[in-house]
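Chemist: The following block contains the structure, expressed as structure tokens.
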Amino acid sequence: MHAIKFSAFCKEAPVRRIARICPNFGWFLSITLLVICFNYVTVAQKTDETQVKTKSDQSMDCHEENKVEPNKNPVSSKLVIPEVDVLTQDGKQVAFFKDLIKGKKVLINFIYTSCNLTCPMAGRNFSKLQQYIEKVGEDVVLISVSTDPAFDTPEILKKWGEKFDRHDGWTLVTGEEKKLKDLLIALTGSGPQRGLHTSLLILFDEKTGAWDTTSSLRNPELLLDDMKKLGRTGTK
């Protein structure tokens, strides 16, 4: 009799067999499955967060600033600015050096209108700077050169400038890519390209030849102070 019962017991499904021995097995199995599912979901979430963070980091890497510097005469340290025909935001063709820089104190930065990181910040700062220049009556002009002339037409530049309340005295510059190549290489060390995120700002007093570089995100009042000191400190 015992042998028959044992044989029947052995033939039972393992789960049913355990359930008869341990009445609470169903509850225990349910809890175990819940724990396993919870652990799986947690691991999956951590994996997704890691992937998102990696993508975010990669995105930020793509927006890291390019460390650029102007070219200069290796003997005199004089800033070299080639003469190039460019177009203003109004579509007017001008000679970059003769018409925009010669005989003036200038602040030159570099932007492209499809940028959503450094360039809008530089635009807002130049907007504040032009207001401060007008307020104190300083004879300083602002120039923003597009690093993406293939996309930044004069019309697009003009709309971009309107977002930052651009006034006369702040000129936005674009032009044919071949013509801007020499200019950008001379001033930034890099040719035209979308994605050239840089806060490089060139301060230049053409009358004295004195020049320096700083960040276009620097406080407007400090930028104007830097410009005033430029004439007293001489060429970089």
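Residues in the structure tokens are numbered from 1 in each chain, the chains being A, B, ... in the order shown, and ligands are numbered from 1 in the order shown.
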Quick one: residues within 8 Å of A:Leu142, only C-alpha atoms, excluding same-chain residues fewer than 5 positions away - as a ChimeraX atom specification?

Modeler: /A:106-108,126,130,169-171

Chemist: If you count only C-alpha atoms, which residues fall within 8 Å of stretch 179-184 of chain A, apart from same-chain ones fewer than 5 positions away, as a list of chain:residue names?

Modeler: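 Once the nearby chain positions are removed, what remains is A:Ile81, A:Pro82, A:Glu83, A:Val84, A:Asp85, A:Val86, A:Thr147, A:Pro149, A:Thr174, A:Gly189, A:Ser190, A:Gly191, A:Pro192.
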
Chemist: Using only N, CA and C atoms, please write the residues we just selected to a file, as a PDB file, in the first residue's frame.

Modeler:
```
ATOM      1  N   ILE A  81      44.573  89.792 -40.973  1.00  0.00           N
ATOM      2  CA  ILE A  81      43.186  89.757 -41.445  1.00  0.00           C
ATOM      3  C   ILE A  81      43.190  89.938 -42.960  1.00  0.00           C
ATOM      4  N   PRO A  82      42.889  88.897 -43.721  1.00  0.00           N
ATOM      5  CA  PRO A  82      42.889  89.016 -45.177  1.00  0.00           C
ATOM      6  C   PRO A  82      41.716  89.853 -45.670  1.00  0.00           C
ATOM      7  N   GLU A  83      41.903  90.485 -46.807  1.00  0.00           N
ATOM      8  CA  GLU A  83      40.808  91.247 -47.420  1.00  0.00           C
ATOM      9  C   GLU A  83      39.925  90.299 -48.212  1.00  0.00           C
ATOM     10  N   VAL A  84      38.667  90.253 -47.861  1.00  0.00           N
ATOM     11  CA  VAL A  84      37.718  89.336 -48.485  1.00  0.00           C
ATOM     12  C   VAL A  84      36.400  90.062 -48.717  1.00  0.00           C
ATOM     13  N   ASP A  85      35.800  89.841 -49.867  1.00  0.00           N
ATOM     14  CA  ASP A  85      34.461  90.382 -50.122  1.00  0.00           C
ATOM     15  C   ASP A  85      33.431  89.520 -49.392  1.00  0.00           C
ATOM     16  N   VAL A  86      32.593  90.166 -48.588  1.00  0.00           N
ATOM     17  CA  VAL A  86      31.581  89.449 -47.819  1.00  0.00           C
ATOM     18  C   VAL A  86      30.227  90.129 -48.027  1.00  0.00           C
ATOM     19  N   THR A 147      30.053  80.921 -39.543  1.00  0.00           N
ATOM     20  CA  THR A 147      30.949  79.804 -39.849  1.00  0.00           C
ATOM     21  C   THR A 147      30.258  78.773 -40.745  1.00  0.00           C
ATOM     22  N   PRO A 149      28.478  79.573 -43.983  1.00  0.00           N
ATOM     23  CA  PRO A 149      27.958  80.430 -45.058  1.00  0.00           C
ATOM     24  C   PRO A 149      27.103  79.688 -46.073  1.00  0.00           C
ATOM     25  N   THR A 174      28.265  87.069 -43.912  1.00  0.00           N
ATOM     26  CA  THR A 174      28.316  85.770 -44.565  1.00  0.00           C
ATOM     27  C   THR A 174      28.923  85.988 -45.954  1.00  0.00           C
ATOM     28  N   GLY A 189      41.426  79.634 -37.339  1.00  0.00           N
ATOM     29  CA  GLY A 189      42.254  78.449 -37.532  1.00  0.00           C
ATOM     30  C   GLY A 189      41.493  77.307 -38.167  1.00  0.00           C
ATOM     31  N   SER A 190      40.222  77.541 -38.502  1.00  0.00           N
ATOM     32  CA  SER A 190      39.386  76.493 -39.089  1.00  0.00           C
ATOM     33  C   SER A 190      38.538  77.086 -40.201  1.00  0.00           C
ATOM     34  N   GLY A 191      38.289  76.296 -41.258  1.00  0.00           N
ATOM     35  CA  GLY A 191      37.475  76.766 -42.366  1.00  0.00           C
ATOM     36  C   GLY A 191      35.997  76.710 -42.057  1.00  0.00           C
ATOM     37  N   PRO A 192      35.154  77.073 -43.023  1.00  0.00           N
ATOM     38  CA  PRO A 192      33.703  77.064 -42.817  1.00  0.00           C
ATOM     39  C   PRO A 192      33.206  75.673 -42.448  1.00  0.00           C
TER      40      PRO A 192
END
```

Chemist: Point out the residue among A:Lys102, A:Asn109, A:Glu134, A:Ala122 with the least atom-to-atom distance to A:Lys207, counting only C-alpha atoms.

Modeler: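 Smallest separation from A:Lys207 among the options: A:Lys102.
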
Chemist: With a distance cut-off of 10 Å and only C-alpha atoms, select the neighbouring residues of A:Phe204, excluding the residue or stretch itself and same-chain residues fewer than 2 positions from it, and output the selection as a list in words.

Modeler: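 Listing them by chain and then by number gives Leu79, Ile101, Lys104, Lys105, Val106, Leu107, Ile108, Val140, Leu201, Ile202, Glu206, Lys207, Thr208, Gly209, Ala210, Trp211, Asp212, Thr213, Met227, Leu230, Gly231, Thr235 and Lys236 of chain A.
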
Chemist: Could you turn the residues from that selection into a file that holds N, CA and C atoms, as an mmCIF file, in the first residue's frame?

Modeler:
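The resulting again01.cif:
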```
data_model
loop_
_atom_site.group_PDB
_atom_site.id
_atom_site.type_symbol
_atom_site.label_atom_id
_atom_site.label_comp_id
_atom_site.auth_asym_id
_atom_site.auth_seq_id
_atom_site.Cartn_x
_atom_site.Cartn_y
_atom_site.Cartn_z
ATOM 1 N N LEU A 79 48.147 90.749 -35.850
ATOM 2 C CA LEU A 79 46.983 89.993 -36.300
ATOM 3 C C LEU A 79 46.848 90.103 -37.811
ATOM 4 N N ILE A 101 36.547 97.175 -40.821
ATOM 5 C CA ILE A 101 37.559 97.169 -39.756
ATOM 6 C C ILE A 101 38.527 98.350 -39.812
ATOM 7 N N LYS A 104 39.042 101.318 -37.172
ATOM 8 C CA LYS A 104 38.032 101.133 -36.120
ATOM 9 C C LYS A 104 38.537 100.252 -34.975
ATOM 10 N N LYS A 105 37.799 100.305 -33.880
ATOM 11 C CA LYS A 105 37.948 99.356 -32.777
ATOM 12 C C LYS A 105 36.824 98.346 -32.945
ATOM 13 N N VAL A 106 37.166 97.077 -33.037
ATOM 14 C CA VAL A 106 36.150 96.071 -33.354
ATOM 15 C C VAL A 106 36.208 94.890 -32.394
ATOM 16 N N LEU A 107 35.045 94.310 -32.218
ATOM 17 C CA LEU A 107 34.917 93.043 -31.496
ATOM 18 C C LEU A 107 34.314 92.052 -32.484
ATOM 19 N N ILE A 108 35.000 90.948 -32.721
ATOM 20 C CA ILE A 108 34.572 89.978 -33.736
ATOM 21 C C ILE A 108 34.291 88.633 -33.077
ATOM 22 N N VAL A 140 32.954 101.757 -30.713
ATOM 23 C CA VAL A 140 33.340 100.354 -30.906
ATOM 24 C C VAL A 140 32.278 99.680 -31.755
ATOM 25 N N LEU A 201 36.319 85.428 -29.040
ATOM 26 C CA LEU A 201 36.049 86.820 -29.369
ATOM 27 C C LEU A 201 37.381 87.521 -29.601
ATOM 28 N N ILE A 202 37.501 88.190 -30.730
ATOM 29 C CA ILE A 202 38.718 88.930 -31.054
ATOM 30 C C ILE A 202 38.481 90.413 -30.798
ATOM 31 N N GLU A 206 42.406 98.634 -34.906
ATOM 32 C CA GLU A 206 43.162 98.666 -36.155
ATOM 33 C C GLU A 206 44.143 99.842 -36.208
ATOM 34 N N LYS A 207 43.810 100.944 -35.564
ATOM 35 C CA LYS A 207 44.685 102.118 -35.588
ATOM 36 C C LYS A 207 46.035 101.832 -34.934
ATOM 37 N N THR A 208 46.016 101.103 -33.833
ATOM 38 C CA THR A 208 47.260 100.827 -33.113
ATOM 39 C C THR A 208 47.820 99.443 -33.426
ATOM 40 N N GLY A 209 46.964 98.573 -33.981
ATOM 41 C CA GLY A 209 47.383 97.202 -34.248
ATOM 42 C C GLY A 209 47.262 96.305 -33.030
ATOM 43 N N ALA A 210 46.836 96.872 -31.902
ATOM 44 C CA ALA A 210 46.701 96.087 -30.668
ATOM 45 C C ALA A 210 45.510 95.137 -30.776
ATOM 46 N N TRP A 211 45.679 93.938 -30.276
ATOM 47 C CA TRP A 211 44.589 92.972 -30.326
ATOM 48 C C TRP A 211 44.729 91.971 -29.194
ATOM 49 N N ASP A 212 43.656 91.291 -28.918
ATOM 50 C CA ASP A 212 43.637 90.263 -27.880
ATOM 51 C C ASP A 212 42.453 89.345 -28.152
ATOM 52 N N THR A 213 42.358 88.261 -27.409
ATOM 53 C CA THR A 213 41.218 87.349 -27.524
ATOM 54 C C THR A 213 40.643 87.091 -26.141
ATOM 55 N N MET A 227 38.440 96.362 -24.009
ATOM 56 C CA MET A 227 38.680 97.118 -25.232
ATOM 57 C C MET A 227 39.410 98.427 -24.925
ATOM 58 N N LEU A 230 43.025 97.838 -24.177
ATOM 59 C CA LEU A 230 43.789 97.309 -25.313
ATOM 60 C C LEU A 230 44.777 98.328 -25.873
ATOM 61 N N GLY A 231 44.314 99.563 -25.992
ATOM 62 C CA GLY A 231 45.185 100.598 -26.535
ATOM 63 C C GLY A 231 46.359 100.928 -25.619
ATOM 64 N N THR A 235 50.204 95.807 -28.629
ATOM 65 C CA THR A 235 49.907 94.600 -29.396
ATOM 66 C C THR A 235 50.126 93.355 -28.548
ATOM 67 N N LYS A 236 49.282 92.354 -28.772
ATOM 68 C CA LYS A 236 49.396 91.108 -28.033
ATOM 69 C C LYS A 236 50.732 90.448 -28.309
#
```

Chemist: Ranking A:Thr198, A:Ala150, A:Asp99, A:Gln193 by minimum distance to A:Glu176 and counting only C-alpha atoms, which one comes first?

Modeler: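 Closest candidate: A:Ala150.
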
Chemist: Return the single residue from A:Val94, A:His167, A:Gly103, A:Phe151 that is closest to A:Gln131, with distances computed using only C-alpha atoms.

Modeler: A:His167

Chemist: Show which residues sit within 8 Å of stretch 116-119 of chain A, as a list in words. Count only C-alpha atoms, and ignore same-chain residues fewer than 5 positions away.

Modeler: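 What passes the distance filter is His63, Phe110, Ile111, His197, Thr198 and Ser199 of chain A.
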
Chemist: How about saving the chosen residues, N, CA and C atoms kept, as a tab-separated table (two decimals), in the first residue's frame?

Modeler:
```
chain	number	residue	atom	x	y	z
A	63	HIS	N	28.72	69.06	-28.98
A	63	HIS	CA	28.58	70.49	-28.83
A	63	HIS	C	29.75	71.11	-28.07
A	110	PHE	N	32.02	84.64	-33.70
A	110	PHE	CA	31.75	83.67	-34.77
A	110	PHE	C	30.52	82.85	-34.40
A	111	ILE	N	29.56	82.82	-35.32
A	111	ILE	CA	28.28	82.16	-35.04
A	111	ILE	C	27.79	81.41	-36.27
A	197	HIS	N	31.37	75.33	-32.76
A	197	HIS	CA	30.94	76.02	-31.55
A	197	HIS	C	32.16	76.64	-30.90
A	198	THR	N	32.20	77.95	-30.83
A	198	THR	CA	33.31	78.60	-30.17
A	198	THR	C	32.85	79.92	-29.57
A	199	SER	N	33.33	80.23	-28.41
A	199	SER	CA	33.03	81.52	-27.79
A	199	SER	C	34.18	82.50	-28.03
```
